[in-house]
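Take a look at the structure below.
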Amino acid sequence: WYFLRYTSPKEDKLPFSKEAANYWMPVAQYIGGIEHAILHLLYARFFTKVIKDLGLVNVDEPFANLLTQGMVLKDGAKMSKSKGNIVDPTYIMDKFGADTSRLFILFASPPEKDLDWSDEGVEGSFRFIKRVWRIVKKSVDKFNEGGNGELSKGDRDLRQKTHATIKKVTADLNRFNLNTAIAAIMELVNTIYKYVEKPSVNGKVLKEAITNLALLLAPFTPHLAEELSSIIGNKESIHLQKWPAFDEKLAAAEEITLIVQINGKVRDRISVPAEISEDEMKDLAMASERAKIFIEGREVVKVVTIPKKLVNIVTR
């Protein structure tokens, strides 16, 4: 209530009022451990209902959304000072930096699940951060290369991956799927590494990918993202910049991998246009040289398709 009293929407020093309380409440998102369910969470709801009955607020519930986060475990037991199984955060930050511990915790498990602490996982997160640092430093020197002619397939593939990653990370953040968002960023980093190794690159396409990579990392590794943004040449803090937007058309893949099965077993994988029809999928699967080996001398009973994903040829 002290917060509500001194942060009124109209005046900094406006006394506590119903208007001020209704301006700030309900809280948009509450995140807490399951052990808080009968303590802070229950009491906050109880007090809110009492205060509403007194006519001081309009809201009946203090929180609009609830996310119950999982426990952090070590050696199968909940981390706690009483058990003496905690990990000293100062040691982790001194050795690896704060971003490493953040990245590991967010990547190792969905937020609603328990997290098993792993020293190997922490080191893996640190290696990824160093990998990002290296590719950004290497890429900045190539920003002025090429960029005048028509985009090559490699250029288009990197643009597609960049926009598809922005789309994926944006959606995952809104759903609190933080671990899958980080996984998508890792895939983008892999794509950038492969692209930079090509004989020629398009500096504009590469800069777009690196700039958006830094922005996407900002919620997970804020210190790293700030440094990367500075290296790229931005004078404004990355945390004051707008969240990246994606182009739906650019995010759509030009090609997809079609899986060909014979009686449920994978026999081939074919790169096909993303807009392929089901009839075209069947024709290409039947024409596959690897599939023919398993079809020869047998009767095709039926062909089952999952659009843009799979063709299963059933024989006997």
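Going by the structure tokens order, chains are called A, B, ..., each with residues numbered from 1, while ligands are numbered from 1 in the order shown.
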
Within 8 Å of range 201-219 of chain A, which residues of range 101-151 of chain A come that close, and what is the closest atom pair and distance in Å for each? Count only C-alpha atoms and give it as a Markdown table.
| residue | atom | partner | partner_atom | distance |
| --- | --- | --- | --- | --- |
| A:Val136 | CA | A:Ile210 | CA | 6.6 |
| A:Ser139 | CA | A:Leu206 | CA | 7.2 |
| A:Val140 | CA | A:Lys207 | CA | 7.4 |
| A:Lys142 | CA | A:Gly203 | CA | 5.7 |
| A:Phe143 | CA | A:Gly203 | CA | 3.9 |
| A:Asn144 | CA | A:Gly203 | CA | 5.1 |
| A:Glu145 | CA | A:Gly203 | CA | 4.8 |
| A:Gly146 | CA | A:Asn202 | CA | 4.8 |
| A:Gly147 | CA | A:Asn202 | CA | 4.8 |
| A:Leu151 | CA | A:Asn202 | CA | 7.8 |

Can I get the selection written as an mmCIF file, in the first residue's frame, with N, CA and C atoms?
data_model
loop_
_atom_site.group_PDB
_atom_site.id
_atom_site.type_symbol
_atom_site.label_atom_id
_atom_site.label_comp_id
_atom_site.auth_asym_id
_atom_site.auth_seq_id
_atom_site.Cartn_x
_atom_site.Cartn_y
_atom_site.Cartn_z
ATOM 1 N N VAL A 136 29.797 -12.991 -33.105
ATOM 2 C CA VAL A 136 29.439 -11.582 -33.280
ATOM 3 C C VAL A 136 30.695 -10.775 -33.612
ATOM 4 N N SER A 139 31.587 -11.497 -37.132
ATOM 5 C CA SER A 139 30.617 -11.037 -38.118
ATOM 6 C C SER A 139 30.679 -9.536 -38.361
ATOM 7 N N VAL A 140 30.986 -8.769 -37.318
ATOM 8 C CA VAL A 140 30.998 -7.309 -37.448
ATOM 9 C C VAL A 140 31.929 -6.853 -38.566
ATOM 10 N N LYS A 142 32.377 -8.195 -41.277
ATOM 11 C CA LYS A 142 31.837 -8.561 -42.589
ATOM 12 C C LYS A 142 30.581 -7.766 -42.954
ATOM 13 N N PHE A 143 30.175 -6.824 -42.101
ATOM 14 C CA PHE A 143 28.933 -6.095 -42.339
ATOM 15 C C PHE A 143 28.943 -5.290 -43.632
ATOM 16 N N ASN A 144 30.106 -4.897 -44.085
ATOM 17 C CA ASN A 144 30.183 -4.070 -45.296
ATOM 18 C C ASN A 144 30.469 -4.877 -46.559
ATOM 19 N N GLU A 145 30.497 -6.205 -46.428
ATOM 20 C CA GLU A 145 30.769 -7.042 -47.594
ATOM 21 C C GLU A 145 29.501 -7.262 -48.415
ATOM 22 N N GLY A 146 29.657 -7.378 -49.744
ATOM 23 C CA GLY A 146 28.538 -7.733 -50.630
ATOM 24 C C GLY A 146 27.348 -6.818 -50.445
ATOM 25 N N GLY A 147 26.178 -7.371 -50.673
ATOM 26 C CA GLY A 147 24.938 -6.642 -50.430
ATOM 27 C C GLY A 147 24.400 -5.855 -51.596
ATOM 28 N N LEU A 151 19.934 -11.702 -53.781
ATOM 29 C CA LEU A 151 20.215 -12.588 -52.656
ATOM 30 C C LEU A 151 20.399 -14.020 -53.142
#

Test item: residues at most 7 Å from Ser237 in chain A, only C-alpha atoms, excluding those fewer than 3 positions along its chain, as a list of chain:residue names: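 So the residues in contact are A:Glu226, A:Leu240, A:Gln241.
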
Write a file of the just-selected residues containing N, CA and C atoms, as a JSON list (two decimals), in the first residue's frame.
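What ended up in selection.json:
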[["chain", "number", "residue", "atom", "x", "y", "z"],
["A", 226, "GLU", "N", 23.88, -6.40, -23.96],
["A", 226, "GLU", "CA", 24.30, -5.00, -23.94],
["A", 226, "GLU", "C", 25.67, -4.83, -24.59],
["A", 240, "LEU", "N", 16.54, -0.41, -24.12],
["A", 240, "LEU", "CA", 15.65, 0.67, -24.47],
["A", 240, "LEU", "C", 15.19, 0.57, -25.92],
["A", 241, "GLN", "N", 15.71, -0.42, -26.64],
["A", 241, "GLN", "CA", 15.35, -0.61, -28.04],
["A", 241, "GLN", "C", 14.07, -1.42, -28.16]]

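One distance worth recording is that between CA of Leu115 in chain A and CA of Val72 in chain A, which is 4.7 Å.
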
DSSP-assigned helix (DSSP H, G or I) members of range 84-299 of chain A, reported as a VMD selection string: chain A and resid 89 to 96 98 to 108 119 to 140 153 to 174 178 to 196 203 to 217 222 to 232 238 to 240 248 to 251 278 to 287 289 to 295

Name all residues at most 8 Å from Val303 in chain A (count only C-alpha atoms; drop same-chain ones fewer than 3 positions away) and give them as a PDB file with all heavy atoms, in the first residue's frame.
ATOM      1  N   LYS A 282       3.009 -37.482 -52.632  1.00  0.00           N
ATOM      2  CA  LYS A 282       2.896 -38.919 -52.924  1.00  0.00           C
ATOM      3  C   LYS A 282       3.757 -39.292 -54.129  1.00  0.00           C
ATOM      4  O   LYS A 282       4.467 -40.313 -54.105  1.00  0.00           O
ATOM      5  CB  LYS A 282       1.437 -39.282 -53.192  1.00  0.00           C
ATOM      6  CG  LYS A 282       0.528 -39.171 -51.978  1.00  0.00           C
ATOM      7  CD  LYS A 282      -0.909 -39.507 -52.343  1.00  0.00           C
ATOM      8  CE  LYS A 282      -1.849 -39.349 -51.169  1.00  0.00           C
ATOM      9  NZ  LYS A 282      -3.269 -39.643 -51.534  1.00  0.00           N
ATOM     10  N   VAL A 300       1.457 -52.091 -53.165  1.00  0.00           N
ATOM     11  CA  VAL A 300       1.179 -50.880 -52.381  1.00  0.00           C
ATOM     12  C   VAL A 300      -0.298 -50.876 -52.018  1.00  0.00           C
ATOM     13  O   VAL A 300      -1.166 -50.785 -52.893  1.00  0.00           O
ATOM     14  CB  VAL A 300       1.540 -49.608 -53.172  1.00  0.00           C
ATOM     15  CG1 VAL A 300       1.132 -48.364 -52.372  1.00  0.00           C
ATOM     16  CG2 VAL A 300       3.036 -49.578 -53.482  1.00  0.00           C
ATOM     17  N   VAL A 311       5.167 -38.909 -45.691  1.00  0.00           N
ATOM     18  CA  VAL A 311       4.418 -39.848 -46.541  1.00  0.00           C
ATOM     19  C   VAL A 311       4.747 -41.253 -46.071  1.00  0.00           C
ATOM     20  O   VAL A 311       5.920 -41.622 -45.989  1.00  0.00           O
ATOM     21  CB  VAL A 311       4.783 -39.696 -48.029  1.00  0.00           C
ATOM     22  CG1 VAL A 311       4.072 -40.768 -48.847  1.00  0.00           C
ATOM     23  CG2 VAL A 311       4.438 -38.309 -48.539  1.00  0.00           C
ATOM     24  N   ASN A 312       3.715 -42.032 -45.738  1.00  0.00           N
ATOM     25  CA  ASN A 312       3.918 -43.424 -45.324  1.00  0.00           C
ATOM     26  C   ASN A 312       3.283 -44.339 -46.362  1.00  0.00           C
ATOM     27  O   ASN A 312       2.069 -44.300 -46.576  1.00  0.00           O
ATOM     28  CB  ASN A 312       3.289 -43.680 -43.945  1.00  0.00           C
ATOM     29  CG  ASN A 312       3.541 -45.113 -43.468  1.00  0.00           C
ATOM     30  OD1 ASN A 312       4.573 -45.698 -43.786  1.00  0.00           O
ATOM     31  ND2 ASN A 312       2.588 -45.659 -42.748  1.00  0.00           N
ATOM     32  N   ILE A 313       4.121 -45.131 -47.034  1.00  0.00           N
ATOM     33  CA  ILE A 313       3.661 -46.064 -48.060  1.00  0.00           C
ATOM     34  C   ILE A 313       3.480 -47.434 -47.412  1.00  0.00           C
ATOM     35  O   ILE A 313       4.436 -48.014 -46.886  1.00  0.00           O
ATOM     36  CB  ILE A 313       4.672 -46.159 -49.219  1.00  0.00           C
ATOM     37  CG1 ILE A 313       4.898 -44.751 -49.824  1.00  0.00           C
ATOM     38  CG2 ILE A 313       4.192 -47.128 -50.278  1.00  0.00           C
ATOM     39  CD1 ILE A 313       6.035 -44.689 -50.806  1.00  0.00           C
ATOM     40  N   VAL A 314       2.248 -47.921 -47.418  1.00  0.00           N
ATOM     41  CA  VAL A 314       1.932 -49.205 -46.791  1.00  0.00           C
ATOM     42  C   VAL A 314       1.922 -50.294 -47.872  1.00  0.00           C
ATOM     43  O   VAL A 314       1.206 -50.170 -48.881  1.00  0.00           O
ATOM     44  CB  VAL A 314       0.559 -49.160 -46.078  1.00  0.00           C
ATOM     45  CG1 VAL A 314       0.260 -50.488 -45.405  1.00  0.00           C
ATOM     46  CG2 VAL A 314       0.539 -48.015 -45.066  1.00  0.00           C
TER      47      VAL A 314
END

Who sits within 10 Å of Val169 in chain A, only C-alpha atoms, same chain under 2 positions skipped, as a ChimeraX atom specification: /A:163-167,171-185,216-217
